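Structure file protein08.pdb (PDB, C-alpha atoms) is printed below.
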```pdb
ATOM      1  CA  MET W   1     -26.125  -5.486 -79.259
ATOM      2  CA  THR W   2     -24.714  -8.992 -79.388
ATOM      3  CA  ILE W   3     -21.063  -9.773 -79.962
ATOM      4  CA  ASP W   4     -19.826 -13.235 -80.826
ATOM      5  CA  SER W   5     -16.439 -14.411 -82.033
ATOM      6  CA  VAL W   6     -17.278 -13.591 -85.656
ATOM      7  CA  MET W   7     -19.689 -10.649 -85.796
ATOM      8  CA  GLN W   8     -21.211  -7.829 -83.800
ATOM      9  CA  TYR W   9     -25.008  -7.656 -84.266
ATOM     10  CA  ILE W  10     -26.424  -4.193 -83.585
ATOM     11  CA  LYS W  11     -30.188  -3.749 -83.249
ATOM     12  CA  THR W  12     -31.585  -0.632 -84.884
ATOM     13  CA  ASP W  13     -34.591   1.471 -83.889
ATOM     14  CA  ILE W  14     -36.740  -0.640 -86.218
ATOM     15  CA  GLU W  15     -37.571  -4.160 -85.089
ATOM     16  CA  GLY W  16     -35.858  -6.837 -87.172
ATOM     17  CA  VAL W  17     -33.299  -4.583 -88.901
ATOM     18  CA  TYR W  18     -29.688  -5.164 -87.828
ATOM     19  CA  ILE W  19     -26.329  -3.606 -88.595
ATOM     20  CA  ILE W  20     -23.667  -6.300 -88.644
ATOM     21  CA  GLU W  21     -19.987  -5.580 -88.148
ATOM     22  CA  PRO W  22     -17.526  -8.388 -88.852
ATOM     23  CA  ARG W  23     -14.382  -9.009 -86.861
ATOM     24  CA  VAL W  24     -11.542  -8.060 -89.231
ATOM     25  CA  PHE W  25      -8.024  -9.476 -88.970
ATOM     26  CA  ASN W  26      -5.380  -7.187 -90.483
ATOM     27  CA  ASP W  27      -1.696  -7.956 -91.000
ATOM     28  CA  SER W  28       1.113  -7.128 -93.428
ATOM     29  CA  ARG W  29      -0.543  -9.226 -96.157
ATOM     30  CA  GLY W  30      -3.872  -7.391 -96.006
ATOM     31  CA  TYR W  31      -7.020  -8.444 -94.173
ATOM     32  CA  PHE W  32      -9.366 -11.375 -93.599
ATOM     33  CA  PHE W  33     -12.905 -11.553 -92.249
ATOM     34  CA  GLU W  34     -15.878 -13.874 -92.356
ATOM     35  CA  SER W  35     -18.645 -12.027 -94.194
ATOM     36  CA  TRP W  36     -21.336 -14.522 -93.205
ATOM     37  CA  GLN W  37     -21.534 -17.539 -90.962
ATOM     38  CA  LYS W  38     -24.768 -19.517 -90.822
ATOM     39  CA  SER W  39     -24.639 -20.534 -87.145
ATOM     40  CA  SER W  40     -23.718 -17.044 -85.931
ATOM     41  CA  PHE W  41     -26.448 -15.484 -88.080
ATOM     42  CA  GLN W  42     -29.083 -17.978 -86.892
ATOM     43  CA  GLU W  43     -28.160 -17.488 -83.248
ATOM     44  CA  ASN W  44     -28.429 -13.692 -83.460
ATOM     45  CA  ILE W  45     -31.077 -13.018 -86.116
ATOM     46  CA  GLY W  46     -32.875 -16.256 -86.915
ATOM     47  CA  ASN W  47     -33.116 -19.033 -89.445
ATOM     48  CA  ILE W  48     -33.128 -17.296 -92.812
ATOM     49  CA  ASP W  49     -32.650 -19.533 -95.844
ATOM     50  CA  PHE W  50     -30.796 -17.418 -98.386
ATOM     51  CA  VAL W  51     -31.390 -18.736-101.916
ATOM     52  CA  GLN W  52     -29.930 -16.079-104.226
ATOM     53  CA  ASP W  53     -26.953 -13.686-104.281
ATOM     54  CA  ASN W  54     -26.986 -10.507-106.400
ATOM     55  CA  GLU W  55     -24.326  -7.938-107.274
ATOM     56  CA  SER W  56     -24.430  -4.529-108.929
ATOM     57  CA  LYS W  57     -21.859  -1.953-109.962
ATOM     58  CA  SER W  58     -22.821   1.727-109.999
ATOM     59  CA  SER W  59     -21.166   5.125-110.271
ATOM     60  CA  TYR W  60     -21.389   8.224-108.070
ATOM     61  CA  GLY W  61     -24.905   9.590-107.670
ATOM     62  CA  VAL W  62     -26.709   6.417-108.753
ATOM     63  CA  LEU W  63     -29.731   5.715-106.586
ATOM     64  CA  ARG W  64     -31.295   2.273-106.811
ATOM     65  CA  GLY W  65     -34.581   2.100-104.945
ATOM     66  CA  MET W  66     -36.822   2.080-103.122
ATOM     67  CA  HIS W  67     -37.513  -1.511-104.213
ATOM     68  CA  TYR W  68     -39.460  -4.409-102.752
ATOM     69  CA  GLN W  69     -41.417  -7.467-103.786
ATOM     70  CA  LYS W  70     -45.066  -7.772-102.771
ATOM     71  CA  GLY W  71     -46.846 -10.586-100.958
ATOM     72  CA  GLU W  72     -45.479 -14.106-100.869
ATOM     73  CA  ASN W  73     -42.552 -13.009-103.047
ATOM     74  CA  SER W  74     -41.266 -10.585-100.413
ATOM     75  CA  GLN W  75     -37.540 -10.847 -99.706
ATOM     76  CA  ALA W  76     -35.310 -10.573 -96.662
ATOM     77  CA  LYS W  77     -31.873  -9.233 -97.629
ATOM     78  CA  LEU W  78     -28.367  -9.172 -96.204
ATOM     79  CA  VAL W  79     -26.606  -6.294 -97.991
ATOM     80  CA  ARG W  80     -22.991  -5.088 -98.114
ATOM     81  CA  VAL W  81     -20.485  -3.153-100.212
ATOM     82  CA  ILE W  82     -17.410  -4.851-101.659
ATOM     83  CA  LYS W  83     -15.958  -1.716-103.246
ATOM     84  CA  GLY W  84     -16.738   1.935-102.573
ATOM     85  CA  ARG W  85     -19.294   3.608-100.322
ATOM     86  CA  VAL W  86     -23.096   3.820-100.304
ATOM     87  CA  LEU W  87     -25.848   5.226 -98.140
ATOM     88  CA  ASP W  88     -28.190   2.275 -97.589
ATOM     89  CA  VAL W  89     -31.842   2.721 -96.568
ATOM     90  CA  ALA W  90     -34.620   0.350 -95.482
ATOM     91  CA  VAL W  91     -38.226   1.593 -95.077
ATOM     92  CA  ASP W  92     -40.692  -0.311 -92.873
ATOM     93  CA  LEU W  93     -43.787  -1.229 -94.926
ATOM     94  CA  ARG W  94     -45.385  -3.433 -92.247
ATOM     95  CA  LYS W  95     -48.748  -1.714 -91.632
ATOM     96  CA  SER W  96     -49.096  -3.137 -88.094
ATOM     97  CA  SER W  97     -45.580  -2.039 -87.094
ATOM     98  CA  PRO W  98     -45.179   0.927 -84.719
ATOM     99  CA  THR W  99     -42.417   2.117 -87.092
ATOM    100  CA  PHE W 100     -44.492   1.877 -90.301
ATOM    101  CA  GLY W 101     -43.130   4.359 -92.862
ATOM    102  CA  LYS W 102     -39.959   4.999 -90.837
ATOM    103  CA  HIS W 103     -36.504   4.160 -92.134
ATOM    104  CA  VAL W 104     -33.055   3.000 -91.101
ATOM    105  CA  MET W 105     -30.110   4.625 -92.883
ATOM    106  CA  VAL W 106     -26.511   3.433 -92.652
ATOM    107  CA  GLU W 107     -23.309   3.978 -94.582
ATOM    108  CA  LEU W 108     -21.879   0.748 -95.950
ATOM    109  CA  SER W 109     -18.375   0.735 -97.379
ATOM    110  CA  ASP W 110     -15.346  -1.351 -98.205
ATOM    111  CA  THR W 111     -13.671   0.396 -95.260
ATOM    112  CA  ASN W 112     -16.196  -0.166 -92.465
ATOM    113  CA  ARG W 113     -17.287  -3.557 -93.928
ATOM    114  CA  ARG W 114     -20.684  -3.164 -92.284
ATOM    115  CA  GLN W 115     -23.699  -5.097 -93.479
ATOM    116  CA  MET W 116     -27.397  -4.513 -92.955
ATOM    117  CA  PHE W 117     -29.987  -7.226 -92.527
ATOM    118  CA  ILE W 118     -33.423  -6.197 -93.786
ATOM    119  CA  PRO W 119     -36.322  -8.559 -93.032
ATOM    120  CA  ARG W 120     -39.315  -9.133 -95.281
ATOM    121  CA  GLY W 121     -41.795  -6.265 -95.372
ATOM    122  CA  PHE W 122     -39.373  -3.451 -96.218
ATOM    123  CA  ALA W 123     -38.544  -1.294 -99.235
ATOM    124  CA  HIS W 124     -34.804  -0.982 -99.842
ATOM    125  CA  GLY W 125     -32.534   1.373-101.731
ATOM    126  CA  PHE W 126     -29.052   2.831-101.799
ATOM    127  CA  LEU W 127     -27.232   5.901-103.069
ATOM    128  CA  VAL W 128     -23.621   5.662-104.288
ATOM    129  CA  LEU W 129     -21.327   8.158-102.524
ATOM    130  CA  SER W 130     -17.989   7.061-104.007
ATOM    131  CA  GLU W 131     -16.746   7.263-107.595
ATOM    132  CA  GLU W 132     -17.874   3.669-108.045
ATOM    133  CA  ALA W 133     -19.475   1.033-105.817
ATOM    134  CA  VAL W 134     -19.895  -2.712-106.019
ATOM    135  CA  PHE W 135     -22.916  -3.746-103.963
ATOM    136  CA  THR W 136     -23.849  -7.336-103.134
ATOM    137  CA  TYR W 137     -26.693  -8.953-101.272
ATOM    138  CA  LYS W 138     -28.215 -12.263-100.279
ATOM    139  CA  CYS W 139     -31.984 -12.843-100.640
ATOM    140  CA  ASP W 140     -34.235 -15.428 -99.059
ATOM    141  CA  ASN W 141     -36.577 -15.485-102.082
ATOM    142  CA  VAL W 142     -35.867 -15.403-105.813
ATOM    143  CA  TYR W 143     -36.636 -12.377-107.966
ATOM    144  CA  ALA W 144     -40.265 -12.355-109.133
ATOM    145  CA  PRO W 145     -40.835  -9.618-111.749
ATOM    146  CA  GLN W 146     -44.634  -9.875-111.429
ATOM    147  CA  SER W 147     -44.351  -8.869-107.746
ATOM    148  CA  GLU W 148     -41.841  -6.024-107.986
ATOM    149  CA  ALA W 149     -42.797  -2.601-106.678
ATOM    150  CA  SER W 150     -41.078   0.643-105.772
ATOM    151  CA  ILE W 151     -41.722   3.782-103.798
ATOM    152  CA  LEU W 152     -40.326   7.121-104.948
ATOM    153  CA  PHE W 153     -36.978   7.743-103.268
ATOM    154  CA  ASN W 154     -37.901  11.398-102.682
ATOM    155  CA  ASP W 155     -41.432  10.872-101.325
ATOM    156  CA  PRO W 156     -41.682  13.613 -98.643
ATOM    157  CA  GLU W 157     -43.635  11.243 -96.374
ATOM    158  CA  LEU W 158     -40.540   9.005 -96.083
ATOM    159  CA  GLY W 159     -38.431  11.903 -94.835
ATOM    160  CA  ILE W 160     -35.183  10.457 -96.204
ATOM    161  CA  GLU W 161     -32.467  13.102 -96.278
ATOM    162  CA  TRP W 162     -30.336  12.068 -99.228
ATOM    163  CA  PRO W 163     -27.002  13.966 -99.289
ATOM    164  CA  ILE W 164     -27.296  14.645-103.024
ATOM    165  CA  ALA W 165     -29.855  17.019-104.563
ATOM    166  CA  PRO W 166     -32.729  15.156-106.301
ATOM    167  CA  GLU W 167     -31.834  16.724-109.659
ATOM    168  CA  ASP W 168     -28.290  15.282-109.368
ATOM    169  CA  VAL W 169     -29.458  11.738-108.611
ATOM    170  CA  ILE W 170     -29.066   9.192-111.411
ATOM    171  CA  THR W 171     -31.851   6.622-111.375
ATOM    172  CA  SER W 172     -33.862   4.470-113.756
ATOM    173  CA  GLU W 173     -37.059   5.474-115.541
ATOM    174  CA  LYS W 174     -38.758   2.622-113.701
ATOM    175  CA  ASP W 175     -37.692   4.004-110.311
ATOM    176  CA  LEU W 176     -38.911   7.479-111.283
ATOM    177  CA  LYS W 177     -42.355   5.917-111.781
ATOM    178  CA  GLY W 178     -42.451   4.522-108.246
ATOM    179  CA  CYS W 179     -45.510   5.338-106.181
ATOM    180  CA  LEU W 180     -45.894   7.382-103.021
ATOM    181  CA  LEU W 181     -46.038   5.574 -99.676
ATOM    182  CA  LYS W 182     -49.718   6.486 -99.311
ATOM    183  CA  ASP W 183     -50.476   4.589-102.556
ATOM    184  CA  ALA W 184     -48.101   1.633-102.017
ATOM    185  CA  VAL W 185     -49.078  -1.975-101.543
ATOM    186  CA  VAL W 186     -47.907  -2.662 -97.992
ATOM    187  CA  PHE W 187     -47.617  -5.668 -95.687
ATOM    188  CA  GLU W 188     -50.120  -6.512 -92.933
TER     189      GLU W 188
END
```
Can I see the file as structure tokens?
Amino acid sequence: MTIDSVMQYIKTDIEGVYIIEPRVFNDSRGYFFESWQKSSFQENIGNIDFVQDNESKSSYGVLRGMHYQKGENSQAKLVRVIKGRVLDVAVDLRKSSPTFGKHVMVELSDTNRRQMFIPRGFAHGFLVLSEEAVFTYKCDNVYAPQSEASILFNDPELGIEWPIAPEDVITSEKDLKGCLLKDAVVFE
């Protein structure tokens, strides 16, 4: 764990994945925090050139995932929640990694203001736990529809314990057609 004047960088059990907690300043007017600072990020994680920001709004029970882009279109992501609460998950798809197929799960919310950095070579998804959630993330590569892929969120091999029954999850038809980990295109 590294703490600087702006952020606390917490290593997870999977190499390259970090939980980031900002230093929040509260007073009678509300709060202020730096959600990202290039020099702090580079010093603690590395030189990632973010080129695109995305935002989504979802209601309770929506599960978006487990998404990734294949090959040279792979994306590193810095994810956070602006409003609400989600359970965020990253699955290691790096075949040579000792944690291949394992996942990191963290609650991100507008209360804890945590972020998760997910390097290239991971599938990513989140489940909305609040009535509504606004989710935002930075990417180091632009969206490439020809390279998109997904793994089924409820693949037993992933072992993800979602706190909502599969039949109560709201997801897209496309995500329901995701493949199993054993059939996925992975990273070397």
Give me the residues of segment 120-158 of chain W that have any atom at most 10 Å from an atom of segment 39-57 of chain W; for each, the nearest atom pair and the distance in Å, rounded to one decimal. Use all atoms listed in the file, sort by chain and number, and format it as CSV.
```
residue,atom,partner,partner_atom,distance
W:Val128,CA,W:Lys57,CA,9.7
W:Glu132,CA,W:Lys57,CA,7.2
W:Ala133,CA,W:Lys57,CA,5.6
W:Val134,CA,W:Lys57,CA,4.5
W:Phe135,CA,W:Ser56,CA,5.3
W:Thr136,CA,W:Glu55,CA,4.2
W:Tyr137,CA,W:Asn54,CA,5.4
W:Lys138,CA,W:Asp53,CA,4.4
W:Cys139,CA,W:Phe50,CA,5.2
W:Asp140,CA,W:Phe50,CA,4.0
W:Asn141,CA,W:Val51,CA,6.1
W:Val142,CA,W:Gln52,CA,6.2
W:Tyr143,CA,W:Gln52,CA,8.5
```
(message) I'd like the contact shell of Pro163 of chain W - 12 Å cut-off, only C-alpha atoms, skipping same-chain residues fewer than 6 positions apart - returned as a VMD selection string.
(response) chain W and resid 60 to 61 63 86 to 88 105 107 126 to 129 154 169
(message) Could you check which residues have any atom within 8 Å of (-35.4, -7.5, -88.1), counting only C-alpha atoms with coordinates taken straight from the file, and then list them as an NGL selection string?
(response) :W and (14-18 or 45 or 117-119)
(request) Return the single residue from W:Gly71, W:Gly125, W:Gly84, W:Gly101 that is closest to Ser58 of chain W, with distances computed using all atoms listed in the file. (result) W:Gly84
(message) Between W:Phe153, W:Tyr9, W:Trp36, W:Phe25, which residue has the minimum interatomic distance to Lys174 of chain W, considering only C-alpha atoms?
(response)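 Using only C-alpha atoms, the shortest distance to Lys174 of chain W belongs to W:Phe153.
For the residues W:Ala90, W:Met66, W:Met116, W:Ile82, ranking by smallest atom-to-atom distance to Asp155 of chain W using all atoms listed in the file places W:Met66 first.
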(message) Here is a test: counting all atoms listed in the file, which residue of W:Arg94, W:Lys38, W:Ser150, W:Arg80 is nearest to Asn112 of chain W?
(response)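 Between W:Arg94, W:Lys38, W:Ser150, W:Arg80, the residue approaching Asn112 of chain W most closely is W:Arg80.
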(request) Rank nothing, just name the residue among W:Thr12, W:Val104, W:Lys177, W:Glu34 nearest to Gly159 of chain W, using only C-alpha atoms. (result)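 Among the listed residues, W:Val104 lies closest to Gly159 of chain W.
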(request) Using the chain letters and residue numbers of this document, give as a PyMOL selection string the residues selected by the PyMOL selection byres ((chain W and resi 23) around 7). (result) chain W and resi 6-7+21-22+24-25+33
Requested write-out: C-alpha atoms of the selected residues, as a compact mmCIF listing (two decimals), keeping the file's coordinate frame:
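Saved to part_6.txt:
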```txt
# COMPACT_ATOMS: atom_id res chain seq x y z
CA VAL W 6 -17.28 -13.59 -85.66
CA MET W 7 -19.69 -10.65 -85.80
CA GLU W 21 -19.99 -5.58 -88.15
CA PRO W 22 -17.53 -8.39 -88.85
CA VAL W 24 -11.54 -8.06 -89.23
CA PHE W 25 -8.02 -9.48 -88.97
CA PHE W 33 -12.90 -11.55 -92.25
```
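With all atoms listed in the file as the basis for measurement, W:Gln115 is the residue among W:Ser97, W:Ser59, W:Gln115, W:Ser35 that approaches Lys77 of chain W most closely.
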(message) Can you measure atom CA of Gln37 of chain W to atom CA of Val106 of chain W for me? One decimal in Å is fine.
(response)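 Distance between the two atoms: 21.6 Å.
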(request) For Phe122 of chain W, work out the shell of residues within 9 Å, counting all atoms listed in the file and skipping chain neighbours fewer than 2 positions away, then give it as a list in words. (result)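 Once the adjacent positions are removed, what remains is His67, Tyr68, Gln69, Ser74, Gln75, Ala76, Ala90, Val91, Asp92, Leu93, Arg94, Ile118, Pro119, Arg120, His124, Val186 and Phe187 of chain W.
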(request) Provide the atom CA of Ser130 of chain W to atom CA of Ile160 of chain W distance in Å, to one decimal place. (result) 19.2 Å
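For the pair atom CA of Tyr31 of chain W and atom CA of Thr111 of chain W, the interatomic distance is 11.1 Å.
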Please determine an axis-aligned box that encloses all atoms of segment 61-73 of chain W listed in the file, with 5 Å added on each side, and express its centre and edge lengths in Å to one decimal as JSON.
```
{"center_x": -35.9, "center_y": -2.3, "center_z": -104.8, "size_x": 31.9, "size_y": 33.7, "size_z": 17.9}
```
Output segment 143-173 of chain W from the block with N, CA, C and O atoms, as a PDB file, in the first residue's frame?
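decode_37.pdb written:
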```pdb
ATOM      1  N   TYR W 143     -12.857   2.368 -27.911  1.00  0.00           N
ATOM      2  CA  TYR W 143     -13.751   1.236 -28.132  1.00  0.00           C
ATOM      3  C   TYR W 143     -13.595   0.724 -29.563  1.00  0.00           C
ATOM      4  O   TYR W 143     -13.616   1.495 -30.528  1.00  0.00           O
ATOM      5  N   ALA W 144     -13.435  -0.579 -29.704  1.00  0.00           N
ATOM      6  CA  ALA W 144     -13.285  -1.220 -31.010  1.00  0.00           C
ATOM      7  C   ALA W 144     -14.300  -2.355 -31.095  1.00  0.00           C
ATOM      8  O   ALA W 144     -14.053  -3.459 -30.597  1.00  0.00           O
ATOM      9  N   PRO W 145     -15.470  -2.113 -31.708  1.00  0.00           N
ATOM     10  CA  PRO W 145     -16.534  -3.118 -31.717  1.00  0.00           C
ATOM     11  C   PRO W 145     -16.107  -4.469 -32.304  1.00  0.00           C
ATOM     12  O   PRO W 145     -16.596  -5.512 -31.867  1.00  0.00           O
ATOM     13  N   GLN W 146     -15.187  -4.469 -33.251  1.00  0.00           N
ATOM     14  CA  GLN W 146     -14.738  -5.719 -33.865  1.00  0.00           C
ATOM     15  C   GLN W 146     -13.925  -6.574 -32.897  1.00  0.00           C
ATOM     16  O   GLN W 146     -13.732  -7.772 -33.134  1.00  0.00           O
ATOM     17  N   SER W 147     -13.475  -6.000 -31.788  1.00  0.00           N
ATOM     18  CA  SER W 147     -12.645  -6.727 -30.822  1.00  0.00           C
ATOM     19  C   SER W 147     -13.357  -7.013 -29.506  1.00  0.00           C
ATOM     20  O   SER W 147     -12.756  -7.543 -28.584  1.00  0.00           O
ATOM     21  N   GLU W 148     -14.631  -6.630 -29.395  1.00  0.00           N
ATOM     22  CA  GLU W 148     -15.324  -6.825 -28.127  1.00  0.00           C
ATOM     23  C   GLU W 148     -15.621  -8.296 -27.878  1.00  0.00           C
ATOM     24  O   GLU W 148     -15.846  -9.074 -28.809  1.00  0.00           O
ATOM     25  N   ALA W 149     -15.587  -8.660 -26.609  1.00  0.00           N
ATOM     26  CA  ALA W 149     -15.874 -10.028 -26.183  1.00  0.00           C
ATOM     27  C   ALA W 149     -16.465  -9.970 -24.783  1.00  0.00           C
ATOM     28  O   ALA W 149     -16.325  -8.972 -24.076  1.00  0.00           O
ATOM     29  N   SER W 150     -17.120 -11.063 -24.386  1.00  0.00           N
ATOM     30  CA  SER W 150     -17.622 -11.128 -23.016  1.00  0.00           C
ATOM     31  C   SER W 150     -17.668 -12.576 -22.548  1.00  0.00           C
ATOM     32  O   SER W 150     -17.821 -13.498 -23.354  1.00  0.00           O
ATOM     33  N   ILE W 151     -17.532 -12.712 -21.259  1.00  0.00           N
ATOM     34  CA  ILE W 151     -17.634 -14.009 -20.593  1.00  0.00           C
ATOM     35  C   ILE W 151     -18.908 -13.967 -19.759  1.00  0.00           C
ATOM     36  O   ILE W 151     -19.237 -12.924 -19.169  1.00  0.00           O
ATOM     37  N   LEU W 152     -19.626 -15.069 -19.697  1.00  0.00           N
ATOM     38  CA  LEU W 152     -20.851 -15.113 -18.904  1.00  0.00           C
ATOM     39  C   LEU W 152     -20.576 -14.755 -17.448  1.00  0.00           C
ATOM     40  O   LEU W 152     -19.673 -15.325 -16.819  1.00  0.00           O
ATOM     41  N   PHE W 153     -21.360 -13.842 -16.923  1.00  0.00           N
ATOM     42  CA  PHE W 153     -21.184 -13.370 -15.547  1.00  0.00           C
ATOM     43  C   PHE W 153     -21.358 -14.484 -14.521  1.00  0.00           C
ATOM     44  O   PHE W 153     -20.810 -14.428 -13.431  1.00  0.00           O
ATOM     45  N   ASN W 154     -22.135 -15.515 -14.884  1.00  0.00           N
ATOM     46  CA  ASN W 154     -22.413 -16.605 -13.939  1.00  0.00           C
ATOM     47  C   ASN W 154     -21.690 -17.907 -14.303  1.00  0.00           C
ATOM     48  O   ASN W 154     -22.098 -18.980 -13.866  1.00  0.00           O
ATOM     49  N   ASP W 155     -20.610 -17.799 -15.072  1.00  0.00           N
ATOM     50  CA  ASP W 155     -19.795 -18.979 -15.387  1.00  0.00           C
ATOM     51  C   ASP W 155     -19.286 -19.561 -14.069  1.00  0.00           C
ATOM     52  O   ASP W 155     -18.581 -18.880 -13.320  1.00  0.00           O
ATOM     53  N   PRO W 156     -19.625 -20.818 -13.743  1.00  0.00           N
ATOM     54  CA  PRO W 156     -19.206 -21.406 -12.467  1.00  0.00           C
ATOM     55  C   PRO W 156     -17.687 -21.423 -12.280  1.00  0.00           C
ATOM     56  O   PRO W 156     -17.204 -21.335 -11.154  1.00  0.00           O
ATOM     57  N   GLU W 157     -16.938 -21.496 -13.391  1.00  0.00           N
ATOM     58  CA  GLU W 157     -15.479 -21.522 -13.289  1.00  0.00           C
ATOM     59  C   GLU W 157     -14.923 -20.212 -12.718  1.00  0.00           C
ATOM     60  O   GLU W 157     -13.875 -20.206 -12.091  1.00  0.00           O
ATOM     61  N   LEU W 158     -15.631 -19.102 -12.907  1.00  0.00           N
ATOM     62  CA  LEU W 158     -15.182 -17.816 -12.366  1.00  0.00           C
ATOM     63  C   LEU W 158     -15.367 -17.763 -10.851  1.00  0.00           C
ATOM     64  O   LEU W 158     -14.631 -17.068 -10.157  1.00  0.00           O
ATOM     65  N   GLY W 159     -16.390 -18.421 -10.357  1.00  0.00           N
ATOM     66  CA  GLY W 159     -16.629 -18.450  -8.915  1.00  0.00           C
ATOM     67  C   GLY W 159     -17.021 -17.110  -8.317  1.00  0.00           C
ATOM     68  O   GLY W 159     -16.775 -16.850  -7.144  1.00  0.00           O
ATOM     69  N   ILE W 160     -17.648 -16.250  -9.099  1.00  0.00           N
ATOM     70  CA  ILE W 160     -18.066 -14.937  -8.596  1.00  0.00           C
ATOM     71  C   ILE W 160     -19.375 -15.107  -7.833  1.00  0.00           C
ATOM     72  O   ILE W 160     -20.348 -15.627  -8.368  1.00  0.00           O
ATOM     73  N   GLU W 161     -19.382 -14.677  -6.596  1.00  0.00           N
ATOM     74  CA  GLU W 161     -20.587 -14.773  -5.769  1.00  0.00           C
ATOM     75  C   GLU W 161     -21.342 -13.443  -5.811  1.00  0.00           C
ATOM     76  O   GLU W 161     -21.140 -12.570  -4.976  1.00  0.00           O
ATOM     77  N   TRP W 162     -22.201 -13.319  -6.805  1.00  0.00           N
ATOM     78  CA  TRP W 162     -23.017 -12.116  -6.933  1.00  0.00           C
ATOM     79  C   TRP W 162     -24.088 -12.150  -5.837  1.00  0.00           C
ATOM     80  O   TRP W 162     -24.671 -13.190  -5.586  1.00  0.00           O
ATOM     81  N   PRO W 163     -24.380 -11.012  -5.194  1.00  0.00           N
ATOM     82  CA  PRO W 163     -25.348 -11.002  -4.096  1.00  0.00           C
ATOM     83  C   PRO W 163     -26.813 -10.971  -4.538  1.00  0.00           C
ATOM     84  O   PRO W 163     -27.702 -10.835  -3.716  1.00  0.00           O
ATOM     85  N   ILE W 164     -27.042 -11.101  -5.828  1.00  0.00           N
ATOM     86  CA  ILE W 164     -28.404 -11.142  -6.364  1.00  0.00           C
ATOM     87  C   ILE W 164     -28.545 -12.453  -7.136  1.00  0.00           C
ATOM     88  O   ILE W 164     -27.634 -12.843  -7.876  1.00  0.00           O
ATOM     89  N   ALA W 165     -29.669 -13.117  -7.001  1.00  0.00           N
ATOM     90  CA  ALA W 165     -29.907 -14.377  -7.715  1.00  0.00           C
ATOM     91  C   ALA W 165     -29.828 -14.145  -9.223  1.00  0.00           C
ATOM     92  O   ALA W 165     -30.301 -13.106  -9.710  1.00  0.00           O
ATOM     93  N   PRO W 166     -29.246 -15.084  -9.976  1.00  0.00           N
ATOM     94  CA  PRO W 166     -29.112 -14.927 -11.432  1.00  0.00           C
ATOM     95  C   PRO W 166     -30.422 -14.583 -12.136  1.00  0.00           C
ATOM     96  O   PRO W 166     -30.433 -13.794 -13.077  1.00  0.00           O
ATOM     97  N   GLU W 167     -31.527 -15.153 -11.681  1.00  0.00           N
ATOM     98  CA  GLU W 167     -32.817 -14.870 -12.327  1.00  0.00           C
ATOM     99  C   GLU W 167     -33.312 -13.445 -12.059  1.00  0.00           C
ATOM    100  O   GLU W 167     -34.206 -12.956 -12.751  1.00  0.00           O
ATOM    101  N   ASP W 168     -32.739 -12.764 -11.061  1.00  0.00           N
ATOM    102  CA  ASP W 168     -33.126 -11.383 -10.754  1.00  0.00           C
ATOM    103  C   ASP W 168     -32.194 -10.350 -11.382  1.00  0.00           C
ATOM    104  O   ASP W 168     -32.441  -9.150 -11.296  1.00  0.00           O
ATOM    105  N   VAL W 169     -31.130 -10.819 -12.009  1.00  0.00           N
ATOM    106  CA  VAL W 169     -30.175  -9.920 -12.664  1.00  0.00           C
ATOM    107  C   VAL W 169     -30.775  -9.405 -13.966  1.00  0.00           C
ATOM    108  O   VAL W 169     -31.411 -10.156 -14.716  1.00  0.00           O
ATOM    109  N   ILE W 170     -30.569  -8.128 -14.230  1.00  0.00           N
ATOM    110  CA  ILE W 170     -31.012  -7.506 -15.483  1.00  0.00           C
ATOM    111  C   ILE W 170     -29.751  -7.278 -16.319  1.00  0.00           C
ATOM    112  O   ILE W 170     -28.841  -6.570 -15.891  1.00  0.00           O
ATOM    113  N   THR W 171     -29.707  -7.912 -17.485  1.00  0.00           N
ATOM    114  CA  THR W 171     -28.535  -7.764 -18.339  1.00  0.00           C
ATOM    115  C   THR W 171     -28.972  -7.746 -19.797  1.00  0.00           C
ATOM    116  O   THR W 171     -30.148  -7.971 -20.108  1.00  0.00           O
ATOM    117  N   SER W 172     -28.049  -7.489 -20.682  1.00  0.00           N
ATOM    118  CA  SER W 172     -28.381  -7.405 -22.107  1.00  0.00           C
ATOM    119  C   SER W 172     -28.391  -8.784 -22.750  1.00  0.00           C
ATOM    120  O   SER W 172     -27.779  -9.727 -22.244  1.00  0.00           O
ATOM    121  N   GLU W 173     -29.077  -8.886 -23.873  1.00  0.00           N
ATOM    122  CA  GLU W 173     -29.078 -10.131 -24.655  1.00  0.00           C
ATOM    123  C   GLU W 173     -27.651 -10.486 -25.062  1.00  0.00           C
ATOM    124  O   GLU W 173     -27.260 -11.636 -25.046  1.00  0.00           O
TER     125      GLU W 173
END
```
